[in-house]
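Here is the file start-v6.tsv (TSV, C-alpha atoms and all ligand atoms).
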```tsv
chain	number	residue	atom	x	y	z
A	154	MET	CA	0.00	0.00	0.00
A	155	VAL	CA	1.70	3.14	-1.16
A	156	GLU	CA	-1.26	5.44	-1.82
A	157	ILE	CA	-0.77	7.75	1.16
A	158	MET	CA	-3.58	10.14	0.17
A	159	ASP	CA	-6.15	9.98	-2.60
A	160	GLY	CA	-4.15	9.84	-5.85
A	161	ILE	CA	-0.79	10.41	-4.12
A	162	HIS	CA	1.49	7.37	-4.41
A	163	SER	CA	4.69	7.31	-2.37
A	164	PHE	CA	7.69	5.01	-2.82
A	165	ASP	CA	10.30	4.50	-0.15
A	166	PHE	CA	13.49	3.19	-1.73
A	167	SER	CA	15.68	3.39	1.38
A	168	GLU	CA	17.18	0.18	2.74
A	169	SER	CA	14.96	0.40	5.82
A	170	LYS	CA	11.79	0.95	3.72
A	171	ASN	CA	10.56	3.18	6.51
A	172	HIS	CA	10.17	6.72	5.23
A	173	GLY	CA	13.88	7.10	4.65
A	174	MET	CA	13.96	8.08	0.99
A	175	GLU	CA	10.91	8.81	-1.08
A	176	LEU	CA	9.66	9.74	-4.50
A	177	TRP	CA	6.06	10.08	-5.64
A	178	PHE	CA	3.62	9.96	-8.45
A	179	LEU	CA	0.39	11.90	-8.59
A	180	ASP	CA	-2.52	10.27	-10.35
A	181	CYS	CA	-4.08	13.45	-11.78
A	182	PRO	CA	-7.13	13.73	-14.09
A	183	GLU	CA	-4.72	15.04	-16.76
A	184	GLY	CA	-2.35	12.09	-16.40
A	185	VAL	CA	0.37	10.89	-14.07
A	186	VAL	CA	2.92	13.36	-12.65
A	187	LEU	CA	6.16	11.81	-11.40
A	188	VAL	CA	8.07	13.79	-8.77
A	189	ASP	CA	11.78	12.90	-8.62
A	190	THR	CA	13.23	9.69	-10.01
A	191	GLY	CA	15.07	7.97	-7.18
A	192	MET	CA	18.11	5.84	-7.88
A	193	GLY	CA	18.46	2.22	-8.85
A	194	ASP	CA	16.26	-0.11	-10.85
A	195	GLU	CA	14.40	-1.42	-7.82
A	196	VAL	CA	12.44	1.77	-7.30
A	197	LEU	CA	11.59	1.94	-11.01
A	198	GLY	CA	10.16	-1.54	-10.65
A	199	MET	CA	8.08	-0.39	-7.67
A	200	VAL	CA	6.70	2.56	-9.64
A	201	GLU	CA	5.99	0.38	-12.67
A	202	ALA	CA	4.13	-2.19	-10.55
A	203	GLU	CA	2.01	0.52	-8.94
A	204	LEU	CA	1.21	2.08	-12.31
A	205	GLY	CA	0.27	-1.40	-13.49
A	206	SER	CA	-2.11	-1.88	-10.56
A	207	LEU	CA	-3.98	1.21	-11.82
A	208	GLY	CA	-4.07	-0.19	-15.35
A	209	LYS	CA	-1.39	2.29	-16.37
A	210	GLY	CA	2.19	2.27	-17.55
A	211	TRP	CA	5.15	4.57	-18.12
A	212	GLY	CA	3.42	6.09	-21.16
A	213	ASP	CA	0.77	7.53	-18.84
A	214	VAL	CA	3.38	9.71	-17.12
A	215	LYS	CA	2.76	13.14	-18.65
A	216	ILE	CA	5.40	15.21	-16.87
A	217	VAL	CA	8.36	14.63	-14.56
A	218	LEU	CA	9.13	17.19	-11.86
A	219	ILE	CA	12.55	17.28	-10.19
A	220	THR	CA	13.02	18.94	-6.80
A	221	HIS	CA	16.83	19.33	-7.07
A	222	ARG	CA	20.06	17.81	-8.35
A	223	HIS	CA	21.10	15.37	-5.60
A	224	GLY	CA	21.69	11.79	-6.71
A	225	ASP	CA	18.85	10.17	-4.77
A	226	HIS	CA	16.45	12.45	-6.69
A	227	VAL	CA	17.88	12.36	-10.22
A	228	ARG	CA	20.03	9.30	-10.74
A	229	ASN	CA	17.27	7.47	-12.66
A	230	LEU	CA	16.47	10.49	-14.80
A	231	ALA	CA	17.90	9.23	-18.11
A	232	LYS	CA	16.02	5.95	-17.69
A	233	VAL	CA	12.81	7.74	-16.74
A	234	LYS	CA	13.12	9.98	-19.79
A	235	ALA	CA	13.54	6.93	-22.01
A	236	LEU	CA	10.64	5.08	-20.37
A	237	THR	CA	8.15	7.96	-20.37
A	238	GLY	CA	9.19	10.33	-23.17
A	239	ALA	CA	7.67	12.99	-20.92
A	240	PRO	CA	8.89	16.58	-20.52
A	241	ILE	CA	11.09	17.07	-17.47
A	242	TYR	CA	11.05	20.18	-15.31
A	243	CYS	CA	13.05	21.66	-12.46
A	244	GLN	CA	13.65	25.12	-11.06
A	245	ALA	CA	15.65	27.14	-13.61
A	246	GLU	CA	18.82	27.49	-11.52
A	247	GLU	CA	19.12	23.73	-11.20
A	248	VAL	CA	19.14	23.00	-14.95
A	249	PRO	CA	22.92	23.11	-15.59
A	250	ALA	CA	23.85	20.81	-12.69
A	251	ILE	CA	21.18	18.25	-13.58
A	252	LYS	CA	22.26	18.28	-17.21
A	253	GLU	CA	25.87	17.76	-16.20
A	254	GLN	CA	25.09	14.90	-13.84
A	255	THR	CA	22.49	13.00	-15.84
A	256	GLY	CA	22.97	14.01	-19.46
A	257	VAL	CA	19.33	15.08	-19.49
A	258	GLU	CA	18.46	18.77	-19.78
A	259	PRO	CA	15.24	19.63	-17.96
A	260	GLU	CA	13.14	22.67	-18.80
A	261	GLY	CA	13.68	25.40	-16.22
A	262	LEU	CA	10.76	26.80	-14.24
A	263	ALA	CA	10.65	30.16	-12.47
A	264	HIS	CA	9.54	30.62	-8.88
A	265	GLY	CA	5.76	30.95	-8.98
A	266	ALA	CA	5.31	29.04	-12.24
A	267	ASN	CA	2.15	26.97	-12.47
A	268	LEU	CA	1.64	23.61	-14.13
A	269	PRO	CA	-1.89	22.61	-15.15
A	270	TYR	CA	-2.11	19.27	-13.35
A	271	CYS	CA	-4.13	18.15	-10.31
A	272	GLY	CA	-5.81	21.55	-9.95
A	273	GLY	CA	-2.56	23.45	-10.43
A	274	ILE	CA	0.98	22.75	-9.24
A	275	GLU	CA	3.00	25.83	-8.20
A	276	VAL	CA	6.80	25.94	-8.10
A	277	ILE	CA	8.27	27.34	-4.89
A	278	HIS	CA	11.99	28.08	-5.21
A	279	VAL	CA	13.67	27.57	-1.81
A	280	PRO	CA	17.44	28.01	-2.36
A	281	GLY	CA	20.07	26.90	0.12
A	282	HIS	CA	19.87	23.13	0.12
A	283	THR	CA	21.02	23.54	-3.49
A	284	GLU	CA	20.91	26.70	-5.61
A	285	GLY	CA	17.80	25.65	-7.49
A	286	ASN	CA	16.13	23.51	-4.83
A	287	CYS	CA	12.36	23.77	-5.01
A	288	SER	CA	9.13	22.48	-3.54
A	289	TYR	CA	5.89	21.85	-5.42
A	290	LEU	CA	2.49	22.88	-4.09
A	291	LEU	CA	-0.70	21.11	-5.13
A	292	LYS	CA	-2.79	24.20	-4.68
A	293	GLU	CA	-6.28	22.75	-4.86
A	294	ARG	CA	-5.43	19.93	-2.47
A	295	GLY	CA	-3.27	21.90	-0.04
A	296	ILE	CA	-0.43	19.40	-0.34
A	297	LEU	CA	3.16	20.64	-0.20
A	298	ILE	CA	5.71	18.30	-1.78
A	299	ALA	CA	8.81	19.67	-0.10
A	300	GLY	CA	11.51	17.30	-1.38
A	301	ASP	CA	14.61	18.13	0.66
A	302	THR	CA	13.49	21.64	1.62
A	303	ILE	CA	12.55	20.04	4.96
A	304	PHE	CA	14.02	16.99	6.67
A	305	GLY	CA	12.40	14.97	9.45
A	306	ASP	CA	12.39	11.76	11.40
A	307	GLU	CA	10.22	8.67	11.80
A	308	GLU	CA	8.01	10.43	14.35
A	309	GLY	CA	7.22	13.32	12.01
A	310	ASN	CA	9.41	15.89	13.76
A	311	ILE	CA	10.65	18.30	11.10
A	312	ASN	CA	13.83	20.34	10.75
A	313	GLU	CA	15.82	22.42	8.30
A	314	PRO	CA	18.03	20.27	6.03
A	315	PRO	CA	21.33	19.19	7.69
A	316	GLU	CA	24.31	21.42	7.03
A	317	LYS	CA	26.40	18.63	5.51
A	318	TYR	CA	23.88	18.24	2.66
A	319	CYS	CA	23.45	21.97	1.93
A	320	VAL	CA	25.39	24.42	-0.23
A	321	ASP	CA	24.29	27.15	2.22
A	322	VAL	CA	22.49	25.93	5.34
A	323	GLU	CA	21.86	29.45	6.65
A	324	GLN	CA	20.06	30.32	3.44
A	325	ALA	CA	18.19	27.00	3.43
A	326	THR	CA	16.98	27.74	6.97
A	327	ARG	CA	16.17	31.40	6.42
A	328	GLU	CA	14.23	30.71	3.22
A	329	LEU	CA	11.90	28.22	4.90
A	330	GLU	CA	9.84	31.29	5.64
A	331	ARG	CA	8.82	31.37	1.97
A	332	LEU	CA	6.63	28.34	2.59
A	333	LEU	CA	4.46	30.29	5.02
A	334	ALA	CA	3.05	32.38	2.15
A	335	TYR	CA	1.11	29.32	0.96
A	336	ASP	CA	-1.86	27.35	2.24
A	337	PHE	CA	-1.25	23.67	2.83
A	338	ASN	CA	-2.42	21.02	5.22
A	339	ALA	CA	-0.23	18.08	4.20
A	340	LEU	CA	3.56	18.00	3.96
A	341	ILE	CA	5.23	15.28	1.91
A	342	TYR	CA	9.02	15.23	1.87
A	343	THR	CA	11.84	12.89	1.00
A	344	HIS	CA	13.57	12.02	4.24
A	345	GLY	CA	11.16	11.53	7.14
A	346	LYS	CA	7.58	10.66	8.00
A	347	ASP	CA	5.01	12.55	5.93
A	348	ILE	CA	2.61	14.84	7.79
A	349	LEU	CA	-0.84	14.38	6.32
A	350	THR	CA	-2.77	16.98	8.36
A	351	GLY	CA	-1.94	20.13	10.29
A	352	ALA	CA	1.40	20.53	8.53
A	353	LYS	CA	1.45	24.31	8.17
A	354	ALA	CA	1.41	24.83	11.95
A	355	LYS	CA	4.44	22.56	12.21
A	356	VAL	CA	6.30	24.52	9.53
A	357	GLU	CA	5.36	27.77	11.27
A	358	ALA	CA	6.80	26.39	14.51
A	359	LEU	CA	9.98	25.33	12.69
A	360	VAL	CA	10.41	28.81	11.18
A	361	GLU	CA	9.83	30.38	14.60
A	362	ARG	CA	12.31	28.05	16.27
A	363	THR	CA	15.08	28.63	13.71
A	364	ARG	CA	14.59	32.39	13.20
B	401	ZN	ZN	19.12	16.79	-1.37
```
Taking this structure as input, can you express it in the form of structure tokens?
Ligand SMILES: [Zn+2]
Amino acid sequence: MVEIMDGIHSFDFSESKNHGMELWFLDCPEGVVLVDTGMGDEVLGMVEAELGSLGKGWGDVKIVLITHRHGDHVRNLAKVKALTGAPIYCQAEEVPAIKEQTGVEPEGLAHGANLPYCGGIEVIHVPGHTEGNCSYLLKERGILIAGDTIFGDEEGNINEPPEKYCVDVEQATRELERLLAYDFNALIYTHGKDILTGAKAKVEALVERTR
């Protein structure tokens, strides 16, 4: 069972298989939106099996959204491009690094750009973890897909990303405040237990605590 909310399918490809490392697909009326690619063939098999259980396949993936350039998010990108043929997007500042690492050049999106899937997906640029790190907001559903903008633990306690994984941890921490301009109830992120309700209050508390 990987459908964590209606139409939101989550895949944990960490060794522990316990909310350690996630990617997602969104089963939207317009088609399937894949968010990040993970690394290794095993996770691609998991995604393919889940698509199959919905009577779908890689060809139903209409767009691929990348949160940022780190390997656990992009290492399967060339394979995903070949499997889906879908356009690939990331925040504009992340394009060169992703191209260099994967050989695939995504289309760059500006902060505030909107994609017409699942009631509208807005790009929120939150630099600091990497230069072009971003989160994606499902506006109609109030679901924030934070990627590595936020880290957490198995109990759902959330924090700024660890310094050792950031190009500029002070910026990554300071810019968390950007998230407070948006309405969301659920917070889905890569490393830690997803928060399915009441998430904005937790992010507000994090911003307050780290100010
Ligand atoms: Zn990262």
Self-check item: Leu204 (chain A) surroundings by all atoms listed in the file, 10 Å radius, close-in-sequence under 3 positions cut, as a list in words
Solution: His162, Phe178, Asp180, Val185, Gly198, Met199, Val200, Glu201, Leu207, Gly208, Lys209, Gly210, Trp211, Gly212, Asp213 and Val214 of chain A
Around ligand ZN 401 (chain B), at most 12 Å away and counting only C-alpha atoms and all ligand atoms, which residues are there? Put them as an mmCIF file with C-alpha atoms, in the frame of the given file, please.
```
data_model
loop_
_atom_site.group_PDB
_atom_site.id
_atom_site.type_symbol
_atom_site.label_atom_id
_atom_site.label_comp_id
_atom_site.auth_asym_id
_atom_site.auth_seq_id
_atom_site.Cartn_x
_atom_site.Cartn_y
_atom_site.Cartn_z
ATOM 1 C CA MET A 174 13.960 8.080 0.990
ATOM 2 C CA GLU A 175 10.910 8.810 -1.080
ATOM 3 C CA ASP A 189 11.780 12.900 -8.620
ATOM 4 C CA GLY A 191 15.070 7.970 -7.180
ATOM 5 C CA ILE A 219 12.550 17.280 -10.190
ATOM 6 C CA THR A 220 13.020 18.940 -6.800
ATOM 7 C CA HIS A 221 16.830 19.330 -7.070
ATOM 8 C CA ARG A 222 20.060 17.810 -8.350
ATOM 9 C CA HIS A 223 21.100 15.370 -5.600
ATOM 10 C CA GLY A 224 21.690 11.790 -6.710
ATOM 11 C CA ASP A 225 18.850 10.170 -4.770
ATOM 12 C CA HIS A 226 16.450 12.450 -6.690
ATOM 13 C CA VAL A 227 17.880 12.360 -10.220
ATOM 14 C CA PRO A 280 17.440 28.010 -2.360
ATOM 15 C CA GLY A 281 20.070 26.900 0.120
ATOM 16 C CA HIS A 282 19.870 23.130 0.120
ATOM 17 C CA THR A 283 21.020 23.540 -3.490
ATOM 18 C CA GLU A 284 20.910 26.700 -5.610
ATOM 19 C CA GLY A 285 17.800 25.650 -7.490
ATOM 20 C CA ASN A 286 16.130 23.510 -4.830
ATOM 21 C CA CYS A 287 12.360 23.770 -5.010
ATOM 22 C CA SER A 288 9.130 22.480 -3.540
ATOM 23 C CA ALA A 299 8.810 19.670 -0.100
ATOM 24 C CA GLY A 300 11.510 17.300 -1.380
ATOM 25 C CA ASP A 301 14.610 18.130 0.660
ATOM 26 C CA THR A 302 13.490 21.640 1.620
ATOM 27 C CA ILE A 303 12.550 20.040 4.960
ATOM 28 C CA PHE A 304 14.020 16.990 6.670
ATOM 29 C CA GLU A 313 15.820 22.420 8.300
ATOM 30 C CA PRO A 314 18.030 20.270 6.030
ATOM 31 C CA PRO A 315 21.330 19.190 7.690
ATOM 32 C CA GLU A 316 24.310 21.420 7.030
ATOM 33 C CA LYS A 317 26.400 18.630 5.510
ATOM 34 C CA TYR A 318 23.880 18.240 2.660
ATOM 35 C CA CYS A 319 23.450 21.970 1.930
ATOM 36 C CA VAL A 320 25.390 24.420 -0.230
ATOM 37 C CA VAL A 322 22.490 25.930 5.340
ATOM 38 C CA ALA A 325 18.190 27.000 3.430
ATOM 39 C CA TYR A 342 9.020 15.230 1.870
ATOM 40 C CA THR A 343 11.840 12.890 1.000
ATOM 41 C CA HIS A 344 13.570 12.020 4.240
#
```
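CA of Leu332 (chain A) to CA of Ile348 (chain A) spans 15.0 Å [interatomic distance, one decimal].
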Exercise. Would you work out the distance separating CA of Ile251 (chain A) from CA of Gly238 (chain A), expressed in Å to one decimal?
Key: 17.3 Å
Exercise. State, in Å with one decimal place, the distance from CA of Ile277 (chain A) to CA of Glu203 (chain A).
Key: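 Value for the CA of Ile277 (chain A)-CA of Glu203 (chain A) distance: 27.8 Å.
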Can you tell me, as a short mmCIF file (atom, residue, chain, number, x, y, z; two decimals) with C-alpha atoms, in the frame of the given file, what residues are no more than 12 Å from Ala354 (chain A) when counting only C-alpha atoms, ignoring any on the same chain fewer than 2 positions away?
```
data_model
loop_
_atom_site.label_atom_id
_atom_site.label_comp_id
_atom_site.auth_asym_id
_atom_site.auth_seq_id
_atom_site.Cartn_x
_atom_site.Cartn_y
_atom_site.Cartn_z
CA ILE A 311 10.65 18.30 11.10
CA LEU A 332 6.63 28.34 2.59
CA LEU A 333 4.46 30.29 5.02
CA TYR A 335 1.11 29.32 0.96
CA ASP A 336 -1.86 27.35 2.24
CA PHE A 337 -1.25 23.67 2.83
CA ASN A 338 -2.42 21.02 5.22
CA ALA A 339 -0.23 18.08 4.20
CA LEU A 340 3.56 18.00 3.96
CA ILE A 348 2.61 14.84 7.79
CA THR A 350 -2.77 16.98 8.36
CA GLY A 351 -1.94 20.13 10.29
CA ALA A 352 1.40 20.53 8.53
CA VAL A 356 6.30 24.52 9.53
CA GLU A 357 5.36 27.77 11.27
CA ALA A 358 6.80 26.39 14.51
CA LEU A 359 9.98 25.33 12.69
CA VAL A 360 10.41 28.81 11.18
CA GLU A 361 9.83 30.38 14.60
#
```
Quiz item: Looking at A:Val188, A:Glu308, A:Gly256, A:Glu156, which one is nearest to Ser206 (chain A), with distances taken over all atoms listed in the file?
Solution: A:Glu156
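Ranking A:Pro240, A:Gly272, A:Gly295, A:Gly305 by their shortest atom-to-atom distance to Glu260 (chain A), with only C-alpha atoms included, puts A:Pro240 first.
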Can you sort out the box for region 225-236 of chain A, edges along x, y and z, all listed atoms in, 3 Å on every side, with centre and edge lengths in Å to one decimal, as JSON?
```
{"center_x": 15.3, "center_y": 8.8, "center_z": -13.4, "size_x": 15.4, "size_y": 13.4, "size_z": 23.2}
```
Quiz item: Counting all atoms listed in the file, what is within 6 Å of Leu179 (chain A), bar same-chain residues fewer than 6 positions away, as a list of chain:residue names?
Solution: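 Near Leu179 (chain A), the qualifying residues are A:Gly160, A:Ile161, A:Val185, A:Val186.
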Please write the residues from the selection above to a file, keeping C-alpha atoms, as an mmCIF file, keeping the file's coordinate frame.
```
data_model
loop_
_atom_site.group_PDB
_atom_site.id
_atom_site.type_symbol
_atom_site.label_atom_id
_atom_site.label_comp_id
_atom_site.auth_asym_id
_atom_site.auth_seq_id
_atom_site.Cartn_x
_atom_site.Cartn_y
_atom_site.Cartn_z
ATOM 1 C CA GLY A 160 -4.150 9.840 -5.850
ATOM 2 C CA ILE A 161 -0.790 10.410 -4.120
ATOM 3 C CA VAL A 185 0.370 10.890 -14.070
ATOM 4 C CA VAL A 186 2.920 13.360 -12.650
#
```
Quiz item: What lies within 10 Å of Asn229 (chain A) using only C-alpha atoms, ignoring chain neighbours under 6 positions off, as number ranges by chain?
Solution: A: 189-194, 196-197, 255
Do you know which residues lie at most 12 Å from (-2.7, 17.7, -10.1), with coordinates as in the file and all atoms listed in the file counted, and could you write them as a PDB file with C-alpha atoms, in the coordinates of the input?
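Produced file part_31.pdb, reproduced below:
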```pdb
ATOM      1  CA  ASP A 159      -6.150   9.980  -2.600  1.00  0.00           C
ATOM      2  CA  GLY A 160      -4.150   9.840  -5.850  1.00  0.00           C
ATOM      3  CA  ILE A 161      -0.790  10.410  -4.120  1.00  0.00           C
ATOM      4  CA  PHE A 178       3.620   9.960  -8.450  1.00  0.00           C
ATOM      5  CA  LEU A 179       0.390  11.900  -8.590  1.00  0.00           C
ATOM      6  CA  ASP A 180      -2.520  10.270 -10.350  1.00  0.00           C
ATOM      7  CA  CYS A 181      -4.080  13.450 -11.780  1.00  0.00           C
ATOM      8  CA  PRO A 182      -7.130  13.730 -14.090  1.00  0.00           C
ATOM      9  CA  GLU A 183      -4.720  15.040 -16.760  1.00  0.00           C
ATOM     10  CA  GLY A 184      -2.350  12.090 -16.400  1.00  0.00           C
ATOM     11  CA  VAL A 185       0.370  10.890 -14.070  1.00  0.00           C
ATOM     12  CA  VAL A 186       2.920  13.360 -12.650  1.00  0.00           C
ATOM     13  CA  LEU A 187       6.160  11.810 -11.400  1.00  0.00           C
ATOM     14  CA  VAL A 188       8.070  13.790  -8.770  1.00  0.00           C
ATOM     15  CA  LYS A 215       2.760  13.140 -18.650  1.00  0.00           C
ATOM     16  CA  ILE A 216       5.400  15.210 -16.870  1.00  0.00           C
ATOM     17  CA  LEU A 218       9.130  17.190 -11.860  1.00  0.00           C
ATOM     18  CA  ASN A 267       2.150  26.970 -12.470  1.00  0.00           C
ATOM     19  CA  LEU A 268       1.640  23.610 -14.130  1.00  0.00           C
ATOM     20  CA  PRO A 269      -1.890  22.610 -15.150  1.00  0.00           C
ATOM     21  CA  TYR A 270      -2.110  19.270 -13.350  1.00  0.00           C
ATOM     22  CA  CYS A 271      -4.130  18.150 -10.310  1.00  0.00           C
ATOM     23  CA  GLY A 272      -5.810  21.550  -9.950  1.00  0.00           C
ATOM     24  CA  GLY A 273      -2.560  23.450 -10.430  1.00  0.00           C
ATOM     25  CA  ILE A 274       0.980  22.750  -9.240  1.00  0.00           C
ATOM     26  CA  GLU A 275       3.000  25.830  -8.200  1.00  0.00           C
ATOM     27  CA  TYR A 289       5.890  21.850  -5.420  1.00  0.00           C
ATOM     28  CA  LEU A 290       2.490  22.880  -4.090  1.00  0.00           C
ATOM     29  CA  LEU A 291      -0.700  21.110  -5.130  1.00  0.00           C
ATOM     30  CA  LYS A 292      -2.790  24.200  -4.680  1.00  0.00           C
ATOM     31  CA  GLU A 293      -6.280  22.750  -4.860  1.00  0.00           C
ATOM     32  CA  ARG A 294      -5.430  19.930  -2.470  1.00  0.00           C
ATOM     33  CA  GLY A 295      -3.270  21.900  -0.040  1.00  0.00           C
ATOM     34  CA  ILE A 296      -0.430  19.400  -0.340  1.00  0.00           C
ATOM     35  CA  LEU A 297       3.160  20.640  -0.200  1.00  0.00           C
ATOM     36  CA  ILE A 298       5.710  18.300  -1.780  1.00  0.00           C
TER      37      ILE A 298
END
```
